[in-house]
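Chemist: Okay, so here is coords-v3.cif, and as you'll see once you scroll down, it has mmCIF, C-alpha atoms.
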```
data_data
loop_
_atom_site.label_atom_id
_atom_site.label_comp_id
_atom_site.auth_asym_id
_atom_site.auth_seq_id
_atom_site.Cartn_x
_atom_site.Cartn_y
_atom_site.Cartn_z
CA MET A 920 74.41 100.11 70.25
CA GLN A 921 75.83 101.37 73.52
CA GLN A 922 73.94 100.27 76.58
CA GLN A 923 72.19 102.85 78.73
CA PHE A 924 73.27 103.24 82.35
CA GLY A 925 72.20 105.38 85.29
CA ALA A 926 74.21 108.32 86.56
CA HIS A 927 75.45 106.43 89.62
CA GLU A 928 76.53 103.48 87.50
CA ILE A 929 78.48 105.68 85.11
CA MET A 930 80.37 107.41 87.92
CA GLU A 931 81.16 104.15 89.71
CA LEU A 932 82.26 102.45 86.49
CA HIS A 933 84.47 105.45 85.74
CA GLU A 934 86.24 105.04 89.10
CA VAL A 935 86.56 101.26 88.80
CA LEU A 936 87.96 101.35 85.27
CA ASN A 937 90.51 104.02 86.16
CA ALA A 938 91.62 102.03 89.19
CA SER A 939 91.92 98.90 87.03
CA ILE A 940 94.16 100.72 84.54
CA ASP A 941 96.33 102.06 87.36
CA ALA A 942 96.69 98.59 88.86
CA ILE A 943 97.77 97.06 85.53
CA ASN A 944 100.22 99.90 84.88
CA LEU A 945 101.72 99.66 88.36
CA GLY A 946 102.07 95.91 87.96
CA GLN A 947 104.23 96.47 84.88
CA VAL A 948 106.37 98.91 86.87
CA TYR A 949 106.82 96.55 89.82
CA LEU A 950 107.40 93.30 87.95
CA PRO A 951 111.05 93.98 86.93
CA TYR A 952 112.00 94.32 90.61
CA VAL A 953 110.75 90.82 91.53
CA ARG A 954 113.53 88.33 92.29
CA ASP A 955 111.61 85.37 93.73
CA PRO A 956 110.38 83.07 90.91
CA GLU A 957 107.28 82.14 92.94
CA LEU A 958 106.24 85.76 93.38
CA ARG A 959 106.96 86.49 89.72
CA GLN A 960 104.68 83.63 88.68
CA ILE A 961 101.88 84.83 91.00
CA ILE A 962 102.05 88.41 89.75
CA SER A 963 102.27 87.38 86.08
CA ASN A 964 99.14 85.22 86.42
CA GLN A 965 97.29 87.96 88.25
CA MET A 966 98.17 90.60 85.67
CA GLN A 967 96.93 88.39 82.83
CA PHE A 968 93.68 87.87 84.68
CA MET A 969 93.31 91.58 85.51
CA THR A 970 93.75 92.45 81.83
CA ALA A 971 91.14 89.91 80.70
CA GLU A 972 88.72 91.10 83.38
CA TYR A 973 89.18 94.73 82.32
CA ASN A 974 88.61 93.93 78.63
CA ASN A 975 85.52 91.88 79.43
CA LEU A 976 83.98 94.81 81.31
CA ILE A 977 84.83 97.23 78.50
CA TYR A 978 83.17 94.96 75.92
CA HIS A 979 80.02 94.79 78.01
CA ILE A 980 79.54 98.50 78.70
CA ASN A 981 80.23 99.34 75.04
CA GLY A 982 77.61 96.84 73.87
CA ARG A 983 80.08 94.52 72.18
CA GLY A 984 78.97 91.33 73.86
CA GLY A 985 81.13 90.86 76.90
CA GLY A 986 80.75 87.47 78.51
CA GLN A 987 79.87 86.66 82.09
CA ALA A 988 82.07 87.75 84.96
CA ILE A 989 85.24 85.66 85.17
CA PRO A 990 86.05 84.04 88.53
CA TYR A 991 89.68 84.04 89.67
CA ARG A 992 91.00 80.57 90.41
CA THR A 993 93.57 80.34 93.16
CA PRO A 994 95.55 77.23 94.10
CA LEU A 995 94.76 75.57 97.38
CA SER A 996 96.48 77.56 100.10
CA THR A 997 97.62 76.33 103.47
CA PRO A 998 96.50 78.06 106.69
CA GLY A 999 98.61 80.98 107.77
CA GLN A 1000 101.39 80.74 110.31
CA TYR A 1001 100.29 82.42 113.53
CA GLY A 1002 102.64 84.27 115.83
CA VAL A 1003 105.20 87.05 115.46
CA GLN A 1004 108.89 86.24 115.12
CA ASN A 1005 111.81 88.60 114.83
CA ALA A 1006 110.93 90.63 111.73
CA ASN A 1007 113.25 92.63 109.52
CA PRO A 1008 112.90 96.42 109.85
CA VAL A 1009 110.79 98.16 107.24
CA GLN A 1010 111.18 101.73 106.04
CA PRO A 1011 110.63 103.80 102.88
CA LEU A 1012 113.18 103.30 100.13
CA ASN A 1013 115.72 105.87 99.06
CA SER A 1014 115.72 104.70 95.41
CA PRO A 1015 113.83 102.20 93.21
CA GLU A 1016 116.92 100.00 93.03
CA GLN A 1017 116.37 99.06 96.69
CA MET A 1018 112.93 97.60 95.97
CA GLY A 1019 112.63 93.90 96.75
CA ASP A 1020 110.08 91.11 96.85
CA ARG A 1021 108.52 92.28 100.09
CA ASP A 1022 107.90 95.78 98.67
CA VAL A 1023 106.34 94.46 95.45
CA ALA A 1024 104.13 91.96 97.25
CA SER A 1025 102.94 94.58 99.75
CA ALA A 1026 102.12 96.99 96.92
CA PHE A 1027 100.06 94.37 95.10
CA LEU A 1028 98.28 93.46 98.31
CA GLY A 1029 97.24 97.09 98.76
CA LEU A 1030 96.04 97.31 95.15
CA HIS A 1031 93.81 94.26 95.53
CA LYS A 1032 92.37 95.43 98.85
CA THR A 1033 91.49 98.80 97.34
CA GLY A 1034 89.97 97.13 94.28
CA ALA A 1035 87.76 94.89 96.42
CA VAL A 1036 86.35 97.87 98.32
CA MET A 1037 85.77 99.96 95.19
CA LYS A 1038 84.03 97.19 93.24
CA MET A 1039 81.80 96.19 96.15
CA HIS A 1040 80.80 99.84 96.59
CA ALA A 1041 80.10 100.08 92.86
CA ALA A 1042 77.90 96.96 92.99
CA LEU A 1043 75.67 98.66 95.56
CA GLU A 1044 75.02 101.50 93.09
CA CYS A 1045 74.36 99.39 89.98
CA ALA A 1046 70.90 98.97 88.49
CA ASP A 1047 71.99 96.85 85.51
CA PRO A 1048 72.01 93.21 86.72
CA GLU A 1049 74.94 92.17 84.53
CA VAL A 1050 77.13 95.09 85.59
CA ARG A 1051 76.18 94.45 89.22
CA ALA A 1052 77.16 90.79 88.84
CA ALA A 1053 80.46 91.84 87.26
CA MET A 1054 81.21 94.21 90.15
CA LEU A 1055 80.36 91.58 92.76
CA GLN A 1056 82.53 89.00 91.01
CA GLY A 1057 85.27 91.59 90.60
CA ALA A 1058 85.26 92.35 94.34
CA ASN A 1059 85.46 88.63 95.05
CA ASN A 1060 88.31 88.27 92.56
CA CYS A 1061 90.28 91.04 94.24
CA ALA A 1062 89.75 89.37 97.61
CA HIS A 1063 91.08 86.06 96.26
CA GLN A 1064 94.11 87.74 94.67
CA ALA A 1065 94.82 89.63 97.89
CA TYR A 1066 94.68 86.39 99.87
CA GLU A 1067 97.04 84.73 97.43
CA ILE A 1068 99.56 87.54 97.84
CA TRP A 1069 99.09 87.55 101.61
CA SER A 1070 99.69 83.78 101.79
CA TYR A 1071 102.99 84.24 99.98
CA MET A 1072 103.99 87.09 102.30
CA ASN A 1073 103.05 85.07 105.38
CA ARG A 1074 105.16 82.09 104.29
CA ARG A 1075 108.13 84.38 103.69
CA GLY A 1076 107.73 86.17 107.00
CA TYR A 1077 106.75 89.48 105.38
CA TYR A 1078 103.24 89.58 106.88
CA GLN A 1079 102.99 87.93 110.29
CA ILE A 1080 99.84 87.29 112.33
CA PRO A 1081 99.92 88.57 115.90
CA VAL A 1082 97.85 86.61 118.39
CA LEU A 1083 96.28 87.45 121.73
CA GLN A 1084 96.80 85.53 124.92
CA GLU A 1085 94.53 82.53 125.36
CA MET A 1086 92.61 84.15 128.23
CA ALA A 1087 91.92 87.30 126.17
CA GLN A 1088 90.77 85.27 123.18
CA THR A 1089 88.47 83.21 125.39
CA ASN A 1090 86.93 86.26 127.04
CA MET A 1091 86.40 88.12 123.76
CA LEU A 1092 84.94 85.37 121.56
CA ARG A 1093 83.58 82.51 123.65
CA GLY A 1094 81.33 84.81 125.65
CA TYR A 1095 78.94 85.07 122.68
CA GLN A 1096 76.11 82.56 122.86
CA PRO A 1097 73.68 81.38 120.15
CA MET A 1098 70.25 82.94 120.04
CA ASN A 1099 67.13 80.89 120.68
CA GLN A 1100 65.55 80.30 117.29
CA ALA A 1101 62.04 79.93 118.71
CA MET A 1102 59.62 82.58 117.47
CA PRO A 1103 58.90 85.27 120.09
CA PRO A 1104 55.30 85.19 121.39
CA HIS A 1105 54.30 88.51 119.83
CA LEU A 1106 55.40 87.24 116.37
CA GLN A 1107 53.69 83.85 116.50
CA PRO A 1108 50.48 83.31 114.48
CA PRO A 1109 47.22 82.67 116.31
CA SER A 1110 47.12 79.19 117.87
CA GLY A 1111 43.65 78.36 116.53
CA PRO A 1112 40.54 79.73 114.79
CA VAL A 1113 38.41 82.30 116.58
CA GLU A 1114 35.30 80.78 118.17
CA ALA A 1115 31.86 81.64 116.84
CA GLY A 1116 30.35 84.72 118.41
CA GLN A 1117 33.73 86.00 119.61
CA SER A 1118 36.10 88.21 117.73
CA SER A 1119 39.56 89.41 118.54
CA PRO A 1120 39.85 93.14 119.09
CA PRO A 1121 40.83 94.88 115.87
CA GLU A 1122 44.36 96.19 115.67
CA SER A 1123 43.08 99.71 115.17
CA THR A 1124 41.29 99.54 118.54
CA VAL A 1125 44.51 98.63 120.30
CA THR A 1126 46.86 101.03 118.61
CA SER A 1127 44.53 103.99 118.20
CA SER A 1128 44.02 104.25 121.96
CA VAL A 1129 47.63 105.35 122.34
CA GLY A 1130 47.95 109.11 122.10
CA THR A 1131 44.23 109.73 121.37
CA ASN A 1132 41.31 111.02 123.42
CA GLN A 1133 39.35 107.79 123.71
CA GLY A 1134 37.66 106.52 126.83
CA ALA A 1135 39.55 103.21 126.90
CA SER A 1136 43.26 102.85 127.41
CA ALA A 1137 45.57 99.96 126.48
CA ASN A 1138 48.56 98.92 128.54
CA ALA A 1139 51.82 97.48 127.25
CA SER A 1140 50.89 93.87 127.99
CA GLN A 1141 47.77 94.17 125.84
CA ILE A 1142 49.66 95.67 122.89
CA PHE A 1143 52.73 93.43 122.80
CA SER A 1144 51.29 90.12 124.02
CA SER A 1145 49.93 87.34 121.83
CA PRO A 1146 46.33 87.43 120.49
CA ALA A 1147 45.38 84.48 122.75
CA TYR A 1148 46.60 86.35 125.81
CA ARG A 1149 44.73 89.51 124.82
CA LYS A 1150 41.50 87.53 124.32
CA GLN A 1151 41.89 85.89 127.73
CA GLN A 1152 42.50 89.23 129.41
CA THR A 1153 39.48 90.74 127.64
CA MET A 1154 37.17 87.93 128.77
CA THR A 1155 38.49 88.11 132.36
CA GLY A 1156 38.05 91.89 132.50
CA SER A 1157 34.51 91.67 131.14
CA ALA A 1158 33.48 89.19 133.85
CA SER A 1159 34.89 91.21 136.75
CA ASN A 1160 34.32 94.78 135.58
CA PRO A 1161 32.74 95.73 132.24
CA ASN A 1162 34.58 99.05 132.29
CA LEU A 1163 37.97 97.30 131.91
CA THR A 1164 37.33 95.84 128.45
CA MET A 1165 39.38 97.35 125.61
CA GLY A 1166 37.31 99.54 123.41
CA GLY A 1167 34.41 99.67 125.92
CA SER A 1168 32.33 102.77 126.37
CA GLY A 1169 32.36 102.78 130.22
CA GLN A 1170 34.55 104.88 132.43
CA SER A 1171 37.87 103.71 133.79
CA PRO A 1172 38.33 103.05 137.55
CA LEU A 1173 40.16 106.37 137.88
CA HIS A 1174 37.13 108.23 136.52
CA SER A 1175 34.82 106.31 138.89
CA LEU A 1176 36.88 107.27 141.94
CA THR A 1177 36.95 110.89 140.84
CA ASP A 1178 33.16 110.99 140.44
CA GLN A 1179 32.67 109.37 143.86
CA HIS A 1180 34.97 111.91 145.51
CA GLU A 1181 33.08 114.81 143.92
CA SER A 1182 29.72 113.39 145.13
CA GLU A 1183 30.96 113.10 148.74
CA HIS A 1184 32.34 116.65 148.58
CA LYS A 1185 28.93 118.02 147.50
CA ALA A 1186 27.05 116.03 150.18
CA ASP A 1187 29.24 117.23 153.09
CA PRO A 1188 29.57 121.05 153.20
CA LEU A 1189 32.35 120.86 155.79
CA MET A 1190 34.75 119.17 153.44
#
```
Show this structure as structure tokens.

Modeler:
Amino acid sequence: MQQQFGAHEIMELHEVLNASIDAINLGQVYLPYVRDPELRQIISNQMQFMTAEYNNLIYHINGRGGGQAIPYRTPLSTPGQYGVQNANPVQPLNSPEQMGDRDVASAFLGLHKTGAVMKMHAALECADPEVRAAMLQGANNCAHQAYEIWSYMNRRGYYQIPVLQEMAQTNMLRGYQPMNQAMPPHLQPPSGPVEAGQSSPPESTVTSSVGTNQGASANASQIFSSPAYRKQQTMTGSASNPNLTMGGSGQSPLHSLTDQHESEHKADPLM
């Protein structure tokens, strides 16, 4: 019985499978032009793995019991050689007979880079957990194969690593500093239980006063500060002026000054 997939999965699998076939076919075209035994061994191993990976995915989507995603095993590679030396000129070829090891390796590197991007994109569209795992492993496999090819090219001088001056590297990277992992105050939980007879102002009272026609108004410090700070400010405001408490029914100081000015204006006819 063929497994059911979503529309996005079908389209992504269609693209991935076509790209896999193209990569295997191109590998067979390129392999006869390889002269370096080391590169021939790398490409032969990669093509065998690519074929097994393709067949495993086909068995799974057709409901014929494909196994788990196969990881690609690469030999331990040495760090790359940094710096640019005098490199040989590179240009398009006039005929296939001019193709050499550098051309074949560069072509395989491009195939693996493209495969990694396509399979990672496909994984983001997969609902089936096994297909998603296969796409994620496939993207990782392509990345490992690309690094293996790149390591060979770097050792042979085909793919060099340019470097920046030490001052530029220092200014660009060492300027970043680690972030303090302490929890910001507005995200910390309350420090202790609320005392009997006292209750913290409900969140609706604080947030609903913004943009509504209520008598009380909340400032930024009351909204974004910690609950302990808001309780302290509420108790302080209640002791000095009952009209300053959040959610109170009294008038604000601005309203009180306005009423006082209107009373003086009515009492003195000359004003």

Chemist: To one decimal place in Å, what is the distance between CA of Tyr978 in chain A and CA of Leu1030 in chain A?

Modeler: 23.3 Å

Chemist: Can you list what the PyMOL selection byres ((chain A and resi 951-967) around 8) grabs from this structure, as a ChimeraX atom specification?

Modeler: /A:943,946-950,968-971,1016,1018-1020,1023-1024,1064,1068,1071

Chemist: Ranking A:Leu945, A:Ala1035, A:Met1102, A:Ala1026 by minimum distance to Met1072 in chain A and counting all atoms listed in the file, which one comes first?

Modeler: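 Checking each of A:Leu945, A:Ala1035, A:Met1102, A:Ala1026 against Met1072 in chain A, counting all atoms listed in the file, the winner is A:Ala1026.
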
Chemist: Could you please determine the separation between CA of Thr1089 in chain A and CA of Gln1000 in chain A in Å, to one decimal place?

Modeler: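 So the answer is 20.0 Å.
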
Chemist: Would you work out the distance separating CA of Val1036 in chain A from CA of Leu976 in chain A, expressed in Å to one decimal?

Modeler: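 Those two atoms sit 17.4 Å apart.
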
Chemist: Go through A:Gly1057, A:Gly982, A:Pro1097, A:Pro1048 one by one, measure the shortest atom-to-atom distance of each to Leu936 in chain A using only C-alpha atoms, and give the residue with the smallest value.

Modeler: A:Gly1057

Chemist: Here is a test: counting only C-alpha atoms, which residue of A:Ala988, A:Ile940, A:Met1091, A:Ile929 is nearest to Asn1060 in chain A?

Modeler: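 Checking each of A:Ala988, A:Ile940, A:Met1091, A:Ile929 against Asn1060 in chain A, counting only C-alpha atoms, the winner is A:Ala988.
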
Chemist: Rank nothing, just name the residue among A:Asn1073, A:Asn1059, A:Asn975, A:Gln923 nearest to Tyr1001 in chain A, using all atoms listed in the file.

Modeler: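 When distances to Tyr1001 in chain A are compared using all atoms listed in the file, the smallest one comes from A:Asn1073.
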